[in-house]
Amino acid sequence: MEIQGLDALRDRLDELGPTIRAAAFKALKESAEAVRSDAAQNVRVDTRNLQRSVKARFENNRLRAEIGWWDQDDKYATFLEHGTRRIPARPVLGPALEAERAKIAARIQAEVRRAMS
């Protein structure tokens, strides 16, 4: 038995690798922005500092995003997220991530389909 066109298919799949990766990264950025936005909208507001300073950052060579607060002045966000002995937890990142978790697969699928057409 011989399958014709297997080499051409293999070549085409190799070509699509970067295209699919770019589509997945685009979906990841959209999801990270959704989590960031949700966290900014739901964080406790005193000075609006935490609303303005929540950020998403990405690793160039990996499909990975981190959303949070990294400025030294924002370290109290951890106390709000996890609580302390005196302050009850008022998490915003965890719930924002859970809300987006159900949507990420559909985002990736839609972007890959768009990239393939």
# chains A, B, ... in the order shown; residues from 1 in each chain; ligands from 1

$ select_by_dssp --residues "chain A" --states "alpha helix (DSSP H)" --output "VMD selection string"
chain A and resid 6 to 42 49 to 53 76 to 82 93 to 116

$ closest_atom_pairs --of "stretch 40-98 of chain A" --to "stretch 17-29 of chain A" --cutoff "9 Å" --atoms "only C-alpha atoms" --output "tab-separated table"
residue	atom	partner	partner_atom	distance
A:Ala56	CA	A:Lys29	CA	8.5
A:Phe58	CA	A:Lys29	CA	8.3
A:Arg62	CA	A:Phe25	CA	8.8
A:Leu63	CA	A:Phe25	CA	6.1
A:Arg64	CA	A:Leu28	CA	7.6
A:Ala65	CA	A:Leu28	CA	7.3

$ write_last_selection --atoms "C-alpha atoms" --output "PDB file, in the first residue's frame"
ATOM      1  CA  ALA A  56      -0.098  40.938  31.588  1.00  0.00           C
ATOM      2  CA  PHE A  58       4.374  37.194  28.076  1.00  0.00           C
ATOM      3  CA  ARG A  62       6.560  30.039  25.098  1.00  0.00           C
ATOM      4  CA  LEU A  63       2.808  30.196  25.016  1.00  0.00           C
ATOM      5  CA  ARG A  64       2.637  31.559  28.526  1.00  0.00           C
ATOM      6  CA  ALA A  65       1.147  34.665  30.125  1.00  0.00           C
TER       7      ALA A  65
END

$ residues_around --residues "stretch 75-84 of chain A" --least-positions-apart "4" --cutoff "12 Å" --atoms "only C-alpha atoms" --output "list of chain:residue names"
A:Ala39, A:Ala40, A:Asn42, A:Val43, A:Arg44, A:Val45, A:Asp46, A:Arg48, A:Asn49, A:Leu50, A:Gln51, A:Ser53, A:Val54, A:Gly68, A:Trp69, A:Trp70, A:Asp71, A:Pro88, A:Ala89, A:Arg90, A:Pro91, A:Val92, A:Leu93, A:Gly94, A:Pro95, A:Ala96

$ closest_residue --among "A:Arg85, A:Ala105, A:Ser117, A:Leu97" --to "A:Ser37" --atoms "only C-alpha atoms"
A:Leu97

$ select_by_dssp --residues "stretch 1-114 of chain A" --states "strand (DSSP E or B)" --output "PyMOL selection string"
chain A and resi 55-58+65-68

$ closest_residue --among "A:Arg86, A:Glu15, A:Asp74, A:Glu100" --to "A:Glu33" --atoms "only C-alpha atoms"
A:Glu100
